[in-house]
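Asks: One file is attached below, start-v1.txt, containing compact mmCIF, C-alpha atoms.
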```
# COMPACT_ATOMS: atom_id res chain seq x y z
CA MET A 17 29.12 10.93 -52.91
CA PRO A 18 25.41 10.67 -51.95
CA LYS A 19 22.93 11.92 -54.47
CA ARG A 20 21.68 15.40 -53.63
CA ILE A 21 17.91 15.71 -53.43
CA LEU A 22 16.46 18.92 -54.77
CA GLU A 23 14.22 20.71 -52.33
CA LYS A 24 10.60 20.41 -53.30
CA THR A 25 8.32 23.36 -52.84
CA ALA A 26 5.12 23.23 -50.81
CA LEU A 27 3.13 23.26 -54.08
CA GLU A 28 5.11 20.31 -55.46
CA VAL A 29 4.57 18.32 -52.31
CA SER A 30 0.83 18.99 -52.42
CA ARG A 31 0.72 17.45 -55.92
CA LEU A 32 2.36 14.15 -54.92
CA ARG A 33 -0.11 11.29 -55.42
CA ILE A 34 1.85 8.14 -56.31
CA GLU A 35 2.15 5.62 -53.48
CA GLY A 36 5.63 5.23 -52.01
CA ALA A 37 8.24 7.25 -50.14
CA HIS A 38 9.08 10.61 -51.73
CA ALA A 39 12.25 12.45 -50.70
CA VAL A 40 11.40 16.13 -50.35
CA GLY A 41 14.91 17.51 -49.76
CA GLY A 42 15.99 20.20 -47.37
CA VAL A 43 17.00 17.65 -44.70
CA PRO A 44 18.68 14.32 -45.51
CA GLY A 45 16.33 11.44 -44.79
CA LEU A 46 13.03 13.36 -44.83
CA TYR A 47 10.28 11.65 -46.83
CA LEU A 48 6.59 12.00 -47.47
CA GLN A 49 5.21 8.47 -47.42
CA ILE A 50 1.96 7.87 -49.33
CA LEU A 51 0.14 4.63 -48.66
CA GLY A 52 -3.53 3.76 -49.10
CA GLY A 53 -4.62 7.36 -49.21
CA SER A 54 -2.71 8.40 -46.07
CA ARG A 55 0.26 10.77 -46.27
CA VAL A 56 2.71 10.95 -43.38
CA TRP A 57 6.14 12.45 -42.80
CA VAL A 58 8.97 10.00 -42.10
CA PHE A 59 12.55 10.74 -41.08
CA ARG A 60 15.01 7.95 -41.90
CA TYR A 61 18.40 7.84 -40.24
CA VAL A 62 21.16 5.51 -39.03
CA HIS A 63 22.06 5.31 -35.33
CA MET A 64 24.65 2.95 -33.89
CA ARG A 65 24.81 1.24 -37.31
CA GLN A 66 21.10 0.52 -37.23
CA ARG A 67 18.60 1.88 -39.70
CA ARG A 68 15.82 3.74 -37.90
CA ARG A 69 12.69 5.62 -38.91
CA MET A 70 10.75 8.25 -37.04
CA GLY A 71 7.23 9.45 -37.78
CA LEU A 72 6.82 13.24 -37.79
CA GLY A 73 3.06 13.51 -38.25
CA SER A 74 0.54 13.46 -41.05
CA TYR A 75 0.39 15.81 -44.03
CA PRO A 76 -1.06 18.43 -44.42
CA ALA A 77 -1.68 18.78 -40.66
CA VAL A 78 2.12 19.06 -40.39
CA SER A 79 3.34 21.39 -43.13
CA LEU A 80 6.47 20.92 -45.22
CA SER A 81 8.36 23.61 -43.29
CA ALA A 82 7.32 22.13 -39.92
CA ALA A 83 8.39 18.66 -41.04
CA ARG A 84 11.81 19.99 -42.12
CA GLU A 85 12.23 21.76 -38.79
CA ALA A 86 11.38 18.57 -36.86
CA ALA A 87 13.72 16.52 -39.05
CA ARG A 88 16.60 18.99 -38.47
CA ALA A 89 16.05 18.73 -34.70
CA ALA A 90 16.08 14.94 -34.90
CA LEU A 91 19.20 15.01 -37.07
CA GLY A 92 20.90 17.22 -34.52
CA LEU A 93 20.16 14.70 -31.77
CA ARG A 94 21.47 11.86 -33.92
CA ASP A 95 24.66 13.76 -34.67
CA ALA A 96 25.09 14.38 -30.92
CA GLY A 97 24.92 10.64 -30.26
CA THR A 98 21.29 10.43 -29.12
CA ASP A 99 18.64 8.26 -30.72
CA PRO A 100 15.81 10.69 -31.68
CA VAL A 101 13.10 8.02 -31.26
CA LYS A 102 14.34 7.08 -27.79
CA SER A 103 14.59 10.74 -26.87
CA ARG A 104 10.98 11.33 -27.88
CA GLN A 105 9.79 8.27 -25.94
CA ASP A 106 11.62 9.50 -22.85
CA ALA A 107 10.06 12.95 -23.20
CA ARG A 108 6.56 11.47 -23.51
CA GLU A 109 7.08 9.30 -20.43
CA ALA A 110 8.35 12.28 -18.45
CA ALA A 111 5.28 14.27 -19.53
CA ARG A 112 3.02 11.36 -18.54
CA GLN A 113 4.61 11.13 -15.10
CA ALA A 114 4.40 14.89 -14.64
CA ALA A 115 0.71 14.84 -15.53
CA ALA A 116 0.11 11.94 -13.15
CA GLN A 117 1.83 13.78 -10.33
CA ARG A 118 -0.41 16.79 -10.86
CA LEU A 119 -3.33 14.79 -9.40
CA ALA A 120 -4.96 16.92 -6.70
CA PHE A 121 -5.23 15.42 -3.21
CA ASP A 122 -9.03 15.79 -3.19
CA THR A 123 -9.28 13.89 -6.48
CA ALA A 124 -6.95 11.17 -5.21
CA ALA A 125 -8.99 10.89 -2.00
CA GLU A 126 -12.29 10.46 -3.83
CA THR A 127 -10.78 7.87 -6.18
CA PHE A 128 -9.33 5.96 -3.21
CA ILE A 129 -12.70 5.94 -1.43
CA ARG A 130 -14.59 4.76 -4.53
CA GLU A 131 -12.11 1.92 -5.02
CA HIS A 132 -12.39 0.73 -1.42
CA GLU A 133 -15.92 1.51 -0.19
CA SER A 134 -17.36 -1.70 -1.66
CA VAL A 135 -15.31 -3.75 0.83
CA TRP A 136 -15.81 -1.46 3.81
CA ARG A 137 -18.31 -2.50 6.47
CA SER A 138 -20.95 0.10 5.66
CA LEU A 139 -21.82 3.18 3.64
CA LYS A 140 -21.52 5.10 6.90
CA HIS A 141 -17.80 4.31 7.01
CA ALA A 142 -17.24 5.79 3.55
CA GLN A 143 -19.27 8.86 4.48
CA GLN A 144 -17.13 9.37 7.58
CA TRP A 145 -14.04 9.40 5.36
CA ARG A 146 -15.57 11.97 3.03
CA ASN A 147 -16.83 14.17 5.87
CA THR A 148 -13.55 14.36 7.80
CA LEU A 149 -11.48 14.95 4.67
CA ALA A 150 -13.86 17.66 3.45
CA THR A 151 -13.91 19.37 6.85
CA TYR A 152 -10.23 19.34 7.74
CA VAL A 153 -8.09 18.53 4.68
CA SER A 154 -9.79 20.11 1.67
CA PRO A 155 -9.57 23.70 2.99
CA LYS A 156 -5.86 23.28 3.77
CA PHE A 157 -4.37 21.31 0.87
CA GLY A 158 -7.16 19.60 -1.04
CA ALA A 159 -6.17 21.35 -4.27
CA VAL A 160 -2.46 20.60 -3.84
CA SER A 161 -1.01 17.88 -6.08
CA VAL A 162 -0.32 14.67 -4.17
CA SER A 163 3.26 14.84 -5.45
CA GLU A 164 3.72 18.14 -3.61
CA VAL A 165 2.12 17.22 -0.28
CA GLU A 166 4.74 17.59 2.43
CA GLN A 167 4.91 17.19 6.19
CA ALA A 168 4.10 20.87 6.65
CA HIS A 169 0.78 20.36 4.87
CA VAL A 170 -0.13 17.41 7.09
CA LEU A 171 0.81 19.25 10.28
CA ARG A 172 -1.24 22.25 9.19
CA VAL A 173 -4.28 19.96 9.38
CA LEU A 174 -3.42 17.86 12.42
CA ALA A 175 -1.70 20.23 14.85
CA PRO A 176 -4.75 22.46 15.57
CA ILE A 177 -6.96 19.50 16.54
CA TRP A 178 -4.41 17.02 17.90
CA LYS A 179 -5.12 17.86 21.56
CA THR A 180 -8.74 18.98 21.32
CA LYS A 181 -10.10 16.30 18.96
CA THR A 182 -7.50 13.60 19.40
CA GLU A 183 -9.52 10.63 18.19
CA THR A 184 -10.64 12.47 15.06
CA ALA A 185 -7.08 13.68 14.42
CA THR A 186 -5.54 10.22 14.71
CA ARG A 187 -8.10 8.72 12.34
CA LEU A 188 -7.58 11.59 9.93
CA ARG A 189 -3.81 11.07 9.97
CA GLY A 190 -4.31 7.41 9.08
CA ARG A 191 -6.64 8.32 6.23
CA ILE A 192 -4.20 10.84 4.78
CA GLU A 193 -1.43 8.24 5.05
CA GLN A 194 -3.46 5.62 3.19
CA ILE A 195 -4.37 8.04 0.39
CA LEU A 196 -0.75 9.10 -0.08
CA ASP A 197 0.39 5.45 -0.04
CA TRP A 198 -2.20 4.76 -2.75
CA ALA A 199 -0.89 7.73 -4.74
CA THR A 200 2.67 6.42 -4.48
CA ALA A 201 1.65 2.92 -5.58
CA HIS A 202 -0.09 4.39 -8.63
CA GLY A 203 2.90 6.50 -9.64
CA HIS A 204 1.47 9.87 -8.61
CA ARG A 205 4.20 10.67 -6.08
CA THR A 206 7.58 9.47 -4.87
CA GLY A 207 9.47 9.59 -1.61
CA PRO A 208 8.47 8.91 2.01
CA ASN A 209 4.92 9.37 3.23
CA PRO A 210 4.72 12.63 5.23
CA ALA A 211 1.69 11.37 7.20
CA ARG A 212 3.44 8.25 8.51
CA TRP A 213 3.38 8.01 12.31
CA ARG A 214 6.16 5.57 13.16
CA GLY A 215 9.59 7.09 12.72
CA GLN A 216 8.19 10.42 11.58
CA LEU A 217 5.21 12.23 13.10
CA GLU A 218 5.68 10.39 16.40
CA HIS A 219 8.74 12.61 16.92
CA ILE A 220 6.72 15.79 16.33
CA LEU A 221 3.23 15.24 17.75
CA PRO A 222 2.62 14.01 21.31
CA ASP A 223 1.50 10.44 21.92
CA PRO A 224 -2.29 10.46 21.36
CA ASN A 225 -2.79 7.96 24.20
CA LYS A 226 -1.22 10.42 26.61
CA VAL A 227 -2.99 13.45 25.21
CA ALA A 228 -6.39 11.74 25.38
CA PRO A 229 -6.30 8.35 27.13
CA VAL A 230 -8.56 5.75 25.57
CA LYS A 231 -12.09 5.97 26.98
CA HIS A 232 -13.74 2.60 27.35
CA HIS A 233 -17.45 2.12 26.79
CA PRO A 234 -19.39 2.67 30.04
CA ALA A 235 -20.40 -0.76 31.32
CA VAL A 236 -22.67 -2.16 33.98
CA PRO A 237 -20.68 -3.81 36.81
CA PHE A 238 -21.35 -7.54 36.65
CA GLY A 239 -22.41 -7.58 40.29
CA THR A 240 -25.44 -5.42 39.50
CA LEU A 241 -26.26 -7.07 36.17
CA PRO A 242 -29.11 -9.35 37.36
CA GLY A 243 -31.04 -6.34 38.63
CA VAL A 244 -30.34 -4.35 35.45
CA TYR A 245 -31.45 -7.28 33.29
CA GLN A 246 -34.73 -7.59 35.17
CA GLN A 247 -35.28 -3.84 34.77
CA ILE A 248 -34.79 -4.06 30.99
CA ALA A 249 -36.90 -7.23 30.73
CA GLY A 250 -39.77 -5.33 32.31
CA VAL A 251 -39.81 -2.76 29.52
CA GLN A 252 -42.19 -3.25 26.59
CA GLY A 253 -41.03 -3.03 22.98
CA GLN A 254 -38.60 -4.46 20.47
CA SER A 255 -35.64 -2.40 21.71
CA ALA A 256 -35.92 -3.96 25.16
CA ARG A 257 -36.24 -7.48 23.72
CA ALA A 258 -33.22 -6.91 21.47
CA LEU A 259 -31.21 -5.53 24.39
CA CYS A 260 -32.06 -8.55 26.55
CA PHE A 261 -30.96 -10.86 23.73
CA LEU A 262 -27.77 -8.82 23.30
CA ILE A 263 -26.96 -9.34 26.98
CA LEU A 264 -27.67 -13.09 26.86
CA THR A 265 -25.42 -13.60 23.79
CA ALA A 266 -22.71 -10.98 24.50
CA ALA A 267 -23.09 -9.97 20.85
CA ARG A 268 -22.54 -6.59 19.26
CA SER A 269 -25.46 -4.23 18.77
CA GLY A 270 -25.29 -4.31 14.97
CA GLU A 271 -25.25 -8.10 14.94
CA VAL A 272 -28.44 -8.27 17.04
CA ARG A 273 -30.27 -5.47 15.24
CA GLY A 274 -29.52 -7.02 11.83
CA MET A 275 -30.42 -10.55 12.92
CA VAL A 276 -32.87 -12.40 10.64
CA TRP A 277 -34.83 -15.58 11.27
CA ASP A 278 -32.89 -17.58 8.66
CA GLU A 279 -29.78 -17.25 10.83
CA VAL A 280 -31.43 -19.03 13.77
CA ASP A 281 -31.95 -22.75 14.44
CA LEU A 282 -34.04 -22.90 17.60
CA ASP A 283 -34.07 -26.71 17.67
CA ALA A 284 -30.28 -26.77 17.65
CA SER A 285 -30.07 -23.72 19.96
CA LEU A 286 -27.73 -22.03 17.49
CA TRP A 287 -27.41 -18.61 15.88
CA VAL A 288 -25.07 -18.43 12.87
CA ILE A 289 -24.03 -14.93 11.82
CA PRO A 290 -22.73 -14.84 8.23
CA ALA A 291 -19.27 -13.46 7.53
CA ASP A 292 -20.51 -10.30 5.82
CA ARG A 293 -22.21 -9.19 9.04
CA MET A 294 -19.22 -9.80 11.30
CA LYS A 295 -16.55 -7.28 12.16
CA ALA A 296 -13.79 -9.82 11.40
CA LYS A 297 -15.57 -10.91 8.16
CA LYS A 298 -15.68 -14.51 9.40
CA GLU A 299 -18.79 -16.60 10.09
CA HIS A 300 -19.56 -16.77 13.80
CA ARG A 301 -21.65 -19.46 15.54
CA ILE A 302 -23.28 -18.49 18.82
CA PRO A 303 -24.69 -21.22 21.08
CA LEU A 304 -28.00 -20.09 22.53
CA SER A 305 -28.84 -20.61 26.18
CA VAL A 306 -32.20 -21.88 27.36
CA GLN A 307 -33.17 -18.29 28.22
CA ALA A 308 -32.10 -16.97 24.81
CA VAL A 309 -34.11 -19.66 22.99
CA SER A 310 -37.13 -18.92 25.18
CA LEU A 311 -36.89 -15.23 24.35
CA LEU A 312 -36.81 -15.98 20.62
CA ARG A 313 -39.71 -18.40 20.79
CA ALA A 314 -41.75 -15.65 22.42
CA GLN A 315 -40.95 -13.27 19.55
CA ALA A 316 -43.88 -12.89 17.19
CA ARG A 317 -42.95 -13.47 13.56
CA ILE A 318 -44.34 -10.79 11.26
CA GLU A 319 -45.34 -11.84 7.76
CA HIS A 320 -42.92 -10.69 5.04
CA VAL A 321 -40.50 -9.33 7.69
CA ASP A 322 -37.18 -11.15 8.06
CA TYR A 323 -35.81 -9.26 11.06
CA VAL A 324 -36.11 -10.89 14.47
CA PHE A 325 -36.34 -7.51 16.22
CA PRO A 326 -37.95 -5.23 13.62
CA SER A 327 -38.61 -1.53 14.03
CA ASN A 328 -42.04 0.02 13.63
CA ARG A 329 -41.24 0.45 9.94
CA LYS A 330 -40.51 -3.30 9.64
CA GLY A 331 -36.82 -2.69 9.02
CA PRO A 332 -33.93 -3.15 11.46
CA LEU A 333 -33.80 -1.11 14.65
CA SER A 334 -31.67 2.02 14.36
CA ASP A 335 -28.17 2.14 15.83
CA MET A 336 -29.45 4.49 18.55
CA ALA A 337 -32.53 2.47 19.56
CA LEU A 338 -30.82 0.42 22.28
CA THR A 339 -28.70 3.32 23.50
CA ALA A 340 -31.75 5.56 23.81
CA LEU A 341 -33.53 2.91 25.89
CA MET A 342 -30.61 2.73 28.31
CA ARG A 343 -30.49 6.50 28.58
CA ARG A 344 -34.23 6.74 29.30
CA HIS A 345 -33.85 4.29 32.16
CA GLU A 346 -30.65 5.98 33.42
CA LEU A 347 -28.57 2.80 33.35
CA GLY A 348 -25.30 4.75 33.07
CA ALA A 349 -23.87 2.51 30.34
CA VAL A 350 -24.09 1.73 26.64
CA PRO A 351 -25.10 -1.53 24.88
CA HIS A 352 -21.54 -2.35 23.85
CA GLY A 353 -20.53 -2.16 27.50
CA PHE A 354 -22.34 -5.43 28.23
CA ARG A 355 -19.55 -7.22 26.37
CA SER A 356 -17.12 -5.81 28.94
CA THR A 357 -19.49 -6.87 31.71
CA PHE A 358 -19.44 -10.41 30.30
CA ARG A 359 -15.65 -10.40 30.03
CA ASP A 360 -15.20 -9.17 33.59
CA TRP A 361 -17.66 -11.78 34.90
CA ALA A 362 -15.94 -14.61 33.01
CA GLY A 363 -12.50 -13.54 34.21
CA GLU A 364 -13.37 -13.03 37.86
CA MET A 365 -16.24 -15.43 38.53
CA THR A 366 -15.40 -18.48 36.40
CA THR A 367 -12.49 -20.71 35.49
CA HIS A 368 -13.36 -21.06 31.82
CA PRO A 369 -10.41 -21.06 29.35
CA ARG A 370 -9.46 -17.60 28.11
CA ASP A 371 -9.60 -18.75 24.47
CA ALA A 372 -13.18 -19.94 24.85
CA VAL A 373 -14.22 -16.68 26.49
CA GLU A 374 -12.60 -14.64 23.71
CA LEU A 375 -14.36 -16.75 21.09
CA CYS A 376 -17.67 -16.02 22.83
CA LEU A 377 -16.95 -12.36 22.03
CA ALA A 378 -15.85 -13.20 18.45
CA HIS A 379 -12.49 -11.62 19.13
CA THR A 380 -9.73 -12.26 16.61
CA ILE A 381 -6.86 -14.54 17.59
CA ASP A 382 -3.86 -12.64 18.90
CA THR A 383 -1.09 -14.30 16.89
CA LYS A 384 -0.74 -16.14 13.58
CA THR A 385 0.88 -19.07 15.38
CA GLU A 386 -2.10 -19.43 17.70
CA ALA A 387 -4.47 -19.13 14.76
CA ALA A 388 -2.63 -21.88 12.87
CA TYR A 389 -3.15 -24.40 15.69
CA ARG A 390 -6.64 -23.41 16.80
CA ARG A 391 -8.92 -24.43 13.95
CA GLY A 392 -12.21 -25.15 15.80
CA ASP A 393 -14.55 -22.66 17.45
CA MET A 394 -14.93 -24.54 20.79
CA LEU A 395 -18.71 -24.55 20.39
CA GLU A 396 -19.48 -27.04 23.19
CA LYS A 397 -17.32 -25.20 25.71
CA ARG A 398 -18.86 -21.90 24.69
CA ALA A 399 -22.35 -23.35 25.08
CA ALA A 400 -21.55 -24.11 28.73
CA ILE A 401 -20.21 -20.58 29.23
CA MET A 402 -23.23 -18.90 27.68
CA GLN A 403 -25.65 -21.01 29.72
CA GLN A 404 -23.82 -20.16 32.93
CA TRP A 405 -23.84 -16.48 31.90
CA SER A 406 -27.57 -16.53 31.19
CA ASP A 407 -28.23 -18.20 34.54
CA PHE A 408 -26.20 -15.45 36.19
CA THR A 409 -28.19 -12.69 34.46
CA HIS A 410 -31.36 -14.28 35.81
CA GLY A 411 -30.00 -14.43 39.35
CA LYS A 412 -29.47 -18.20 39.40
CA ALA A 413 -25.73 -18.14 40.09
```
For this file, produce the structure as structure tokens.
Replies:
Amino acid sequence: MPKRILEKTALEVSRLRIEGAHAVGGVPGLYLQILGGSRVWVFRYVHMRQRRRMGLGSYPAVSLSAAREAARAALGLRDAGTDPVKSRQDAREAARQAAAQRLAFDTAAETFIREHESVWRSLKHAQQWRNTLATYVSPKFGAVSVSEVEQAHVLRVLAPIWKTKTETATRLRGRIEQILDWATAHGHRTGPNPARWRGQLEHILPDPNKVAPVKHHPAVPFGTLPGVYQQIAGVQGQSARALCFLILTAARSGEVRGMVWDEVDLDASLWVIPADRMKAKKEHRIPLSVQAVSLLRAQARIEHVDYVFPSNRKGPLSDMALTALMRRHELGAVPHGFRSTFRDWAGEMTTHPRDAVELCLAHTIDTKTEAAYRRGDMLEKRAAIMQQWSDFTHGKA
């Protein structure tokens, strides 16, 4: 018969000083363990023929009566066939998961943006995310836990603007989807993503391409391009020079406006745009025509200014500088449209290979198989294309 331990009083427990484990009675297996000046409650028990011990807190923060109550609860679990330590671990994990799932959508969105904005193309992109989410999502379910966001919440945001602001709505849907996917990956929610388009919202909301067909950038017809080029070339200022160079190279506006002299080798007639300035994040070599090289040689280099086409403040031209010039001269198009003009000209007026033409525009390869076999950038063929294009813009072809 096991030895019965007399119940110690609270006063007796407070007087314990000798190091070791002291049985305090009241509940079998309850001890006050004193070691190196620390005093903690320990409950010893046997479960599935294994000796186990469970900490119940430090003394005197946990009183004698509280320790006995906790030990009785643990003993009850043991007697019911449950390991008290495992039960406590499970409860803590459930509490952790519950706390994680209480993460508000607005908080999740801001965390997602902070984690990803360093790899996005510009600060403007991150600001667009914040602005659209603050305008449309935050008032509707920004304070709702990501674990509780349902399809009804998403539709409450998208439905009112789906037909009137279709492009904004489709981008917003994608942003909500990405944030909720992030939340799922980090353990903040479970189940399907209520903002997913394929197989879900596509059966509820109308096809955005039918609601608002894609509007292409207004472009100058290639037949009228020589006259338009001469009109622009007759305008004074850096914006006009940059726009002429944009036409000659079929480059994007941001690539031309951010161009610096270190990227250019006039002797080799080559412009190399580093990967971090390209949309596809891949270095792009542009062969320069005779006309393009001549334009650059005529550009005055300003001391301590790296930009080829600097603004009055010696920085890059603004993203509206070229557009504003075209509007002032009523050209009925936008700078990006000249890339379409180039593509139409190449397709209808030349027999150059499609791949070479697409590489002139720095377009990504359509398929992984094609990418695997096409390793070069067809620089020599593209040089011939760009020279023929420049001759055309100057009315020589």
Asks: Between atom CA of Glu109 of chain A and atom CA of Val58 of chain A, what is the distance in Å, rounded to a tenth?
Replies: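 Result for atom CA of Glu109 of chain A versus atom CA of Val58 of chain A: 21.8 Å, one decimal.
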Asks: For His320 of chain A, work out the shell of residues within 12 Å, counting all atoms listed in the file and skipping chain neighbours fewer than 3 positions away, then give it as a PyMOL selection string.
Replies: chain A and resi 276-277+317+323-324+326+330-331
Asks: Could you check which of A:Gly71, A:Pro303, A:Pro210, A:Gly92 is closest to Ala168 of chain A, using all atoms listed in the file?
Replies: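 Closest to Ala168 of chain A of all the choices is A:Pro210.
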Asks: Compile the contact shell of Cys260 of chain A as a ChimeraX atom specification: residues with an atom at most 8 Å away, counting only C-alpha atoms, same-chain residues fewer than 2 positions apart removed.
Replies: /A:245,248-249,256-258,262-264
Asks: Between atom CA of Lys297 of chain A and atom CA of Leu338 of chain A, what is the distance, to one decimal in Å?
Replies: 23.7 Å
Asks: Tell me, in Å to one decimal, how far atom CA of Val173 of chain A is from atom CA of Ala211 of chain A.
Replies: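 Here the two named atoms are 10.7 Å from each other.
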Asks: Counting only C-alpha atoms, figure out which residue out of A:Arg60, A:Arg214, A:Arg301, A:Arg33 gets nearest to Pro100 of chain A.
Replies: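 Answer, going by the shortest atom-to-atom distance: A:Arg60.
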Asks: When distances are computed from only C-alpha atoms, which of A:Glu374, A:Asp407, A:Glu319, A:Glu364 shows the smallest separation from Gln307 of chain A?
Replies: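 When distances to Gln307 of chain A are compared using only C-alpha atoms, the smallest one comes from A:Asp407.
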Asks: Extract, using all atoms listed in the file, all DNA, RNA and protein residues at most 9 Å from Ala235 of chain A, discarding same-chain residues fewer than 4 positions from it, and format them as a PyMOL selection string.
Replies: chain A and resi 348-357
Asks: Which residues are near Ala125 of chain A? Cut-off 12 Å, all atoms listed in the file, ignore same chain within fewer than 5 positions. Put them as number ranges by chain.
Replies: A: 119-120, 130-133, 142, 145-150, 153-154, 157-162, 191-199
Asks: Between A:Ala39, A:Met275, A:Met394, A:Ile318, which residue has the minimum interatomic distance to Leu80 of chain A, considering only C-alpha atoms?
Replies: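 Closest residue, counting only C-alpha atoms: A:Ala39.
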Asks: Show me, as lines of an AutoDock Vina configuration file, the centre and edge lengths in Å to one decimal of the axis-aligned box that covers every listed atom of segment 172-189 of chain A with 6 Å on each side.
Replies:
```
center_x = -5.9
center_y = 15.6
center_z = 15.4
size_x = 21.4
size_y = 25.7
size_z = 24.4
```
Asks: Out of A:Thr127, A:Gln143, A:Thr98, A:Gln216, which residue has the shortest atom-to-atom distance to Leu171 of chain A when counting only C-alpha atoms?
Replies: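 For Leu171 of chain A, the nearest of the given residues is A:Gln216.
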Asks: Taking into account all atoms listed in the file, which residue in the set A:Ser255, A:Gln105, A:Ser163, A:Ser134 is nearest to His204 of chain A?
Replies: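 Checking each candidate against His204 of chain A, we get A:Ser163 as the closest.
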Asks: Any idea what's packed within 10 Å of Phe408 of chain A, counting only C-alpha atoms, ignoring anything in its chain fewer than 5 positions away? Could you give it as a PyMOL selection string?
Replies: chain A and resi 238-239+241-242+264+361+402-403+413
Asks: Could you write those residues out with C-alpha atoms, as a compact mmCIF listing (two decimals), keeping the file's coordinate frame?
Replies:
```
# COMPACT_ATOMS: atom_id res chain seq x y z
CA PHE A 238 -21.35 -7.54 36.65
CA GLY A 239 -22.41 -7.58 40.29
CA LEU A 241 -26.26 -7.07 36.17
CA PRO A 242 -29.11 -9.35 37.36
CA LEU A 264 -27.67 -13.09 26.86
CA TRP A 361 -17.66 -11.78 34.90
CA MET A 402 -23.23 -18.90 27.68
CA GLN A 403 -25.65 -21.01 29.72
CA ALA A 413 -25.73 -18.14 40.09
```
Asks: Complete segment 287-299 of chain A with N, CA and C atoms (output as a PDB file, in the frame of the given file).
Replies:
```
ATOM      1  N   TRP A 287     -27.278 -19.819  16.721  1.00  0.00           N
ATOM      2  CA  TRP A 287     -27.410 -18.610  15.880  1.00  0.00           C
ATOM      3  C   TRP A 287     -26.132 -18.491  15.070  1.00  0.00           C
ATOM      4  N   VAL A 288     -26.245 -18.515  13.757  1.00  0.00           N
ATOM      5  CA  VAL A 288     -25.070 -18.430  12.870  1.00  0.00           C
ATOM      6  C   VAL A 288     -25.100 -17.090  12.148  1.00  0.00           C
ATOM      7  N   ILE A 289     -24.116 -16.247  12.456  1.00  0.00           N
ATOM      8  CA  ILE A 289     -24.030 -14.930  11.820  1.00  0.00           C
ATOM      9  C   ILE A 289     -23.107 -15.045  10.614  1.00  0.00           C
ATOM     10  N   PRO A 290     -23.578 -14.719   9.418  1.00  0.00           N
ATOM     11  CA  PRO A 290     -22.730 -14.840   8.230  1.00  0.00           C
ATOM     12  C   PRO A 290     -21.542 -13.878   8.270  1.00  0.00           C
ATOM     13  N   ALA A 291     -20.525 -14.223   7.505  1.00  0.00           N
ATOM     14  CA  ALA A 291     -19.270 -13.460   7.530  1.00  0.00           C
ATOM     15  C   ALA A 291     -19.469 -11.992   7.191  1.00  0.00           C
ATOM     16  N   ASP A 292     -20.371 -11.695   6.245  1.00  0.00           N
ATOM     17  CA  ASP A 292     -20.510 -10.300   5.820  1.00  0.00           C
ATOM     18  C   ASP A 292     -21.150  -9.417   6.879  1.00  0.00           C
ATOM     19  N   ARG A 293     -21.658 -10.002   7.963  1.00  0.00           N
ATOM     20  CA  ARG A 293     -22.210  -9.190   9.040  1.00  0.00           C
ATOM     21  C   ARG A 293     -21.296  -9.124  10.260  1.00  0.00           C
ATOM     22  N   MET A 294     -20.147  -9.778  10.166  1.00  0.00           N
ATOM     23  CA  MET A 294     -19.220  -9.800  11.300  1.00  0.00           C
ATOM     24  C   MET A 294     -18.090  -8.801  11.112  1.00  0.00           C
ATOM     25  N   LYS A 295     -17.629  -8.257  12.199  1.00  0.00           N
ATOM     26  CA  LYS A 295     -16.550  -7.280  12.160  1.00  0.00           C
ATOM     27  C   LYS A 295     -15.287  -7.882  11.550  1.00  0.00           C
ATOM     28  N   ALA A 296     -14.996  -9.152  11.902  1.00  0.00           N
ATOM     29  CA  ALA A 296     -13.790  -9.820  11.400  1.00  0.00           C
ATOM     30  C   ALA A 296     -14.014 -10.485  10.048  1.00  0.00           C
ATOM     31  N   LYS A 297     -15.232 -10.321   9.463  1.00  0.00           N
ATOM     32  CA  LYS A 297     -15.570 -10.910   8.160  1.00  0.00           C
ATOM     33  C   LYS A 297     -15.380 -12.427   8.153  1.00  0.00           C
ATOM     34  N   LYS A 298     -15.769 -13.059   9.266  1.00  0.00           N
ATOM     35  CA  LYS A 298     -15.680 -14.510   9.400  1.00  0.00           C
ATOM     36  C   LYS A 298     -16.959 -14.999  10.059  1.00  0.00           C
ATOM     37  N   GLU A 299     -17.554 -16.066   9.526  1.00  0.00           N
ATOM     38  CA  GLU A 299     -18.790 -16.600  10.090  1.00  0.00           C
ATOM     39  C   GLU A 299     -18.611 -16.907  11.572  1.00  0.00           C
TER      40      GLU A 299
END
```
